[in-house]
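The next block holds one structure in the form of structure tokens; read it before the comments.
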Amino acid sequence: MVLDSKRSQVDFALTPVAKRLINVNPNTLSWIGLILALVSGVLMYLSYDTHILLIVGAIVVIVSGYFDAIDGKVAKLSGKASRKGDYLDHVFDRYADVFMIGGVAISAWCNPYLGMLALVGVLLTSYMGTQAQAVGAPRLYAGLLGRADRVVLSTLFPIIQYAACALGYGLIEIGGFSISWMEIMIAYFAIVGNLTAVQRVIITWRNMSKEE
């Protein structure tokens, strides 16, 4: 999944709303997205005992992601795009990742050590993308797991977990071990996130070597 490269294909869902919000400060939209990300993390943390919160949390995740996408569109249409706004957006994105994934990582759904690896992978993936830009290379979105992918998976897996629990298959038995669907998502973030970070290091290194 590399949904970050498909951003232009969702303009149809962003532009009409962005035009209606053209008088709203883009930073306000960024704040709303961040607060919703925090709320989603809390809901995911509490969802082990109250499964319906999985569905509520999934809805909040996708709405948060929508606000994260629309703030930049509003900024461009209103002529308010700036380096400060772009910087703030990157900062909020990292906090949003920590809130959304961290809520699952420290919950009863997941092994906390696996959750820690997932957070490391996600944060390093984003860092390697912006670090490429910092050393003079283009901003890097390449890789197996981008932010858009994380938002989509963080929406789908809670729904899958809820349905599995309703059917009596909330936990999967593998070789004597039990694993939840939410834990599968976190394991994917841990493995693929770190692989993506390494992949971005290699791509940036090769691009820099071509310039020498």
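Identifiers in this document derive from the order of the structure tokens: chains are assigned A, B, ..., residues are numbered from 1 separately in each chain, and ligands are numbered from 1 in order of occurrence.
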Would you kindly return, as a VMD selection string, each protein, DNA or RNA residue with an atom no farther than 10 Å from any atom of Pro112 of chain A, considering only C-alpha atoms and excluding same-chain residues fewer than 6 positions away? chain A and resid 102 104 to 106 118 183 186
Could the residues in this selection be written to a file with C-alpha atoms, as a CSV table (one decimal), in the first residue's frame?
chain,number,residue,atom,x,y,z
A,102,GLY,CA,-0.2,4.7,20.7
A,104,VAL,CA,-3.8,0.7,20.5
A,105,ALA,CA,-0.1,0.1,21.4
A,106,ILE,CA,-0.7,0.5,25.2
A,118,ALA,CA,5.3,0.0,15.6
A,183,GLU,CA,-2.4,-6.6,17.2
A,186,ILE,CA,0.3,-3.1,15.0
When you look at Ile22 of chain A with a cut-off of 9 Å (counting only C-alpha atoms), what residues show up, excluding the ones that are within fewer than 3 positions of it in the same chain? I need them as a PyMOL selection string. chain A and resi 17-19+25-26+74-75+77-78
Quick one: DSSP helix (DSSP H, G or I) residues in segment 138-177 of chain A, as a list in words?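 Written out, the helix (DSSP H, G or I) residues of segment 138-177 of chain A are Arg147, Ala148, Asp149, Arg150, Val151, Val152, Leu153, Ser154, Thr155, Leu156, Phe157, Pro158, Ile159, Ile160, Gln161, Tyr162, Ala163, Ala164, Cys165 and Ala166 of chain A.
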Please, could you write that set of residues out with N, CA and C atoms as a PDB file, in the first residue's frame?
ATOM      1  N   ARG A 147       1.641   7.756   5.475  1.00  0.00           N
ATOM      2  CA  ARG A 147       0.632   8.204   6.441  1.00  0.00           C
ATOM      3  C   ARG A 147      -0.782   7.846   5.996  1.00  0.00           C
ATOM      4  N   ALA A 148      -1.067   8.005   4.704  1.00  0.00           N
ATOM      5  CA  ALA A 148      -2.403   7.679   4.219  1.00  0.00           C
ATOM      6  C   ALA A 148      -2.716   6.198   4.436  1.00  0.00           C
ATOM      7  N   ASP A 149      -1.707   5.346   4.238  1.00  0.00           N
ATOM      8  CA  ASP A 149      -1.887   3.915   4.484  1.00  0.00           C
ATOM      9  C   ASP A 149      -2.226   3.656   5.952  1.00  0.00           C
ATOM     10  N   ARG A 150      -1.512   4.358   6.840  1.00  0.00           N
ATOM     11  CA  ARG A 150      -1.741   4.157   8.274  1.00  0.00           C
ATOM     12  C   ARG A 150      -3.148   4.576   8.677  1.00  0.00           C
ATOM     13  N   VAL A 151      -3.626   5.675   8.100  1.00  0.00           N
ATOM     14  CA  VAL A 151      -4.977   6.141   8.422  1.00  0.00           C
ATOM     15  C   VAL A 151      -6.019   5.133   7.950  1.00  0.00           C
ATOM     16  N   VAL A 152      -5.847   4.630   6.729  1.00  0.00           N
ATOM     17  CA  VAL A 152      -6.805   3.658   6.186  1.00  0.00           C
ATOM     18  C   VAL A 152      -6.816   2.378   7.015  1.00  0.00           C
ATOM     19  N   LEU A 153      -5.630   1.852   7.337  1.00  0.00           N
ATOM     20  CA  LEU A 153      -5.550   0.619   8.122  1.00  0.00           C
ATOM     21  C   LEU A 153      -6.082   0.826   9.542  1.00  0.00           C
ATOM     22  N   SER A 154      -5.835   2.017  10.108  1.00  0.00           N
ATOM     23  CA  SER A 154      -6.324   2.317  11.459  1.00  0.00           C
ATOM     24  C   SER A 154      -7.833   2.508  11.482  1.00  0.00           C
ATOM     25  N   THR A 155      -8.428   2.648  10.307  1.00  0.00           N
ATOM     26  CA  THR A 155      -9.885   2.701  10.192  1.00  0.00           C
ATOM     27  C   THR A 155     -10.466   1.311   9.970  1.00  0.00           C
ATOM     28  N   LEU A 156      -9.817   0.523   9.115  1.00  0.00           N
ATOM     29  CA  LEU A 156     -10.343  -0.789   8.738  1.00  0.00           C
ATOM     30  C   LEU A 156     -10.210  -1.833   9.848  1.00  0.00           C
ATOM     31  N   PHE A 157      -9.046  -1.886  10.499  1.00  0.00           N
ATOM     32  CA  PHE A 157      -8.816  -2.962  11.460  1.00  0.00           C
ATOM     33  C   PHE A 157      -9.710  -2.892  12.704  1.00  0.00           C
ATOM     34  N   PRO A 158     -10.015  -1.706  13.229  1.00  0.00           N
ATOM     35  CA  PRO A 158     -10.979  -1.681  14.341  1.00  0.00           C
ATOM     36  C   PRO A 158     -12.343  -2.229  13.942  1.00  0.00           C
ATOM     37  N   ILE A 159     -12.747  -1.961  12.700  1.00  0.00           N
ATOM     38  CA  ILE A 159     -14.027  -2.493  12.215  1.00  0.00           C
ATOM     39  C   ILE A 159     -13.960  -4.009  12.104  1.00  0.00           C
ATOM     40  N   ILE A 160     -12.828  -4.507  11.571  1.00  0.00           N
ATOM     41  CA  ILE A 160     -12.634  -5.955  11.479  1.00  0.00           C
ATOM     42  C   ILE A 160     -12.630  -6.586  12.875  1.00  0.00           C
ATOM     43  N   GLN A 161     -11.942  -5.935  13.826  1.00  0.00           N
ATOM     44  CA  GLN A 161     -11.879  -6.454  15.189  1.00  0.00           C
ATOM     45  C   GLN A 161     -13.271  -6.498  15.818  1.00  0.00           C
ATOM     46  N   TYR A 162     -14.059  -5.468  15.596  1.00  0.00           N
ATOM     47  CA  TYR A 162     -15.414  -5.416  16.142  1.00  0.00           C
ATOM     48  C   TYR A 162     -16.260  -6.558  15.578  1.00  0.00           C
ATOM     49  N   ALA A 163     -16.185  -6.737  14.253  1.00  0.00           N
ATOM     50  CA  ALA A 163     -16.960  -7.801  13.622  1.00  0.00           C
ATOM     51  C   ALA A 163     -16.505  -9.170  14.109  1.00  0.00           C
ATOM     52  N   ALA A 164     -15.186  -9.345  14.256  1.00  0.00           N
ATOM     53  CA  ALA A 164     -14.645 -10.619  14.722  1.00  0.00           C
ATOM     54  C   ALA A 164     -15.107 -10.917  16.147  1.00  0.00           C
ATOM     55  N   CYS A 165     -15.100  -9.908  17.000  1.00  0.00           N
ATOM     56  CA  CYS A 165     -15.566 -10.094  18.381  1.00  0.00           C
ATOM     57  C   CYS A 165     -17.049 -10.460  18.408  1.00  0.00           C
ATOM     58  N   ALA A 166     -17.838  -9.821  17.554  1.00  0.00           N
ATOM     59  CA  ALA A 166     -19.275 -10.096  17.500  1.00  0.00           C
ATOM     60  C   ALA A 166     -19.551 -11.533  17.071  1.00  0.00           C
TER      61      ALA A 166
END
Atom-to-atom span, atom CA of Trp205 of chain A and atom CA of Gly129 of chain A, Å: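 Computing the Euclidean distance for atom CA of Trp205 of chain A and atom CA of Gly129 of chain A yields 12.0 Å.
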List every residue of segment 15-210 of chain A that DSSP, applied to the backbone, labels as strand (DSSP E or B), and write the result as a list in words. Leu171, Ile172, Glu173, Ile174, Phe177, Ser178, Ile179 and Ser180 of chain A
Write out as a ChimeraX atom specification which residues come within 9 Å of Leu123 of chain A when counting only C-alpha atoms, dropping same-chain ones fewer than 4 positions away. /A:94,97-98,118-119,127-128,193,197
Would you save the residues from that selection as a PDB file, in the first residue's frame, using C-alpha atoms?
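Just written: result-v9.pdb:
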ATOM      1  CA  ARG A  94       3.683  13.076  14.063  1.00  0.00           C
ATOM      2  CA  ASP A  97       0.462   9.154  14.599  1.00  0.00           C
ATOM      3  CA  VAL A  98       1.539   8.758  18.223  1.00  0.00           C
ATOM      4  CA  ALA A 118       5.342   0.050  15.646  1.00  0.00           C
ATOM      5  CA  LEU A 119       5.750   3.595  16.948  1.00  0.00           C
ATOM      6  CA  TYR A 127      11.598  11.254   9.748  1.00  0.00           C
ATOM      7  CA  MET A 128      13.437   9.671   6.816  1.00  0.00           C
ATOM      8  CA  GLY A 193       7.136   0.695   9.061  1.00  0.00           C
ATOM      9  CA  ALA A 197      12.265   3.644   6.920  1.00  0.00           C
TER      10      ALA A 197
END
When you look at Ala187 of chain A with a cut-off of 9 Å (counting only C-alpha atoms), what residues show up, excluding the ones that are within fewer than 4 positions of it in the same chain? I need them as a PyMOL selection string. chain A and resi 114-115+117-118+182-183+191-192
Set the distance at 7 Å and use only C-alpha atoms: which residues neighbour Leu36 of chain A once local chain neighbours fewer than 3 positions away are removed? I'd like the list as a ChimeraX atom specification. /A:32-33,39-40,60,64
Have a look at atom CA of Ser126 of chain A and atom CA of Thr196 of chain A and let me know their distance in Å, one decimal.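 Atom CA of Thr196 of chain A lies 9.4 Å from atom CA of Ser126 of chain A.
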What's the separation between atom CA of Phe189 of chain A and atom CA of Ile101 of chain A, in Å to one decimal place?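 These two atoms are separated by 9.0 Å.
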Shell of 9 Å around Val56 of chain A, only C-alpha atoms, local chain residues under 5 positions omitted, as JSON, numbers by chain: {"A": [40, 43, 44, 61]}
Rank A:Lys76, A:Arg83, A:His90, A:Arg200 by their smallest atom-to-atom distance to Leu21 of chain A, using only C-alpha atoms, and report the top residue only.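 Ranking A:Lys76, A:Arg83, A:His90, A:Arg200 by distance to Leu21 of chain A, first place goes to A:Lys76.
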Nearest to Leu46 of chain A, chosen from A:Val201, A:Val122, A:Ser107, A:Ser30, with only C-alpha atoms counted in the distances: A:Ser107
When you count only C-alpha atoms, which of these residues is closest to Thr125 of chain A: A:Arg20, A:Leu144, A:Trp181, A:Ile52? A:Leu144
Excluding segment 176-180 of chain A and residues on its chain fewer than 4 positions from it, collect all residues at most 10 Å away from it, counting only C-alpha atoms, and give them as an mmCIF file with N, CA and C atoms, in the first residue's frame.
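Result saved to around.cif:
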data_model
loop_
_atom_site.group_PDB
_atom_site.id
_atom_site.type_symbol
_atom_site.label_atom_id
_atom_site.label_comp_id
_atom_site.auth_asym_id
_atom_site.auth_seq_id
_atom_site.Cartn_x
_atom_site.Cartn_y
_atom_site.Cartn_z
ATOM 1 N N ALA A 108 -5.102 -3.108 25.963
ATOM 2 C CA ALA A 108 -5.113 -4.551 26.213
ATOM 3 C C ALA A 108 -5.163 -5.361 24.924
ATOM 4 N N TRP A 109 -5.369 -4.690 23.813
ATOM 5 C CA TRP A 109 -5.399 -5.396 22.531
ATOM 6 C C TRP A 109 -4.011 -5.865 22.106
ATOM 7 N N CYS A 110 -2.978 -5.257 22.644
ATOM 8 C CA CYS A 110 -1.664 -5.370 22.031
ATOM 9 C C CYS A 110 -0.546 -5.588 23.038
ATOM 10 N N ASN A 111 0.467 -6.339 22.612
ATOM 11 C CA ASN A 111 1.703 -6.455 23.381
ATOM 12 C C ASN A 111 2.421 -5.114 23.353
ATOM 13 N N GLN A 161 -11.942 -5.935 13.826
ATOM 14 C CA GLN A 161 -11.879 -6.454 15.189
ATOM 15 C C GLN A 161 -13.271 -6.498 15.818
ATOM 16 N N ALA A 164 -15.186 -9.345 14.256
ATOM 17 C CA ALA A 164 -14.645 -10.619 14.722
ATOM 18 C C ALA A 164 -15.107 -10.917 16.147
ATOM 19 N N CYS A 165 -15.100 -9.908 17.000
ATOM 20 C CA CYS A 165 -15.566 -10.094 18.381
ATOM 21 C C CYS A 165 -17.049 -10.460 18.408
ATOM 22 N N TYR A 169 -14.756 -14.466 17.235
ATOM 23 C CA TYR A 169 -13.389 -14.722 16.755
ATOM 24 C C TYR A 169 -12.490 -13.512 16.995
ATOM 25 N N GLY A 170 -12.654 -12.902 18.160
ATOM 26 C CA GLY A 170 -11.865 -11.709 18.472
ATOM 27 C C GLY A 170 -10.386 -11.983 18.598
ATOM 28 N N LEU A 171 -10.032 -13.208 18.970
ATOM 29 C CA LEU A 171 -8.634 -13.609 19.088
ATOM 30 C C LEU A 171 -8.358 -14.769 18.154
ATOM 31 N N ILE A 172 -7.201 -14.744 17.521
ATOM 32 C CA ILE A 172 -6.791 -15.812 16.614
ATOM 33 C C ILE A 172 -5.720 -16.643 17.312
ATOM 34 N N ILE A 184 -2.489 -7.581 14.961
ATOM 35 C CA ILE A 184 -1.987 -7.846 13.611
ATOM 36 C C ILE A 184 -1.670 -6.532 12.912
ATOM 37 N N MET A 185 -2.561 -5.551 13.075
ATOM 38 C CA MET A 185 -2.317 -4.225 12.486
ATOM 39 C C MET A 185 -1.038 -3.610 13.050
ATOM 40 N N ILE A 186 -0.877 -3.683 14.364
ATOM 41 C CA ILE A 186 0.304 -3.111 15.004
ATOM 42 C C ILE A 186 1.562 -3.848 14.548
#
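For the set A:Thr204, A:Phe67, A:Ala190, A:Leu14, the residue with the smallest atom-to-atom gap to Ala96 of chain A is A:Phe67, counting only C-alpha atoms.
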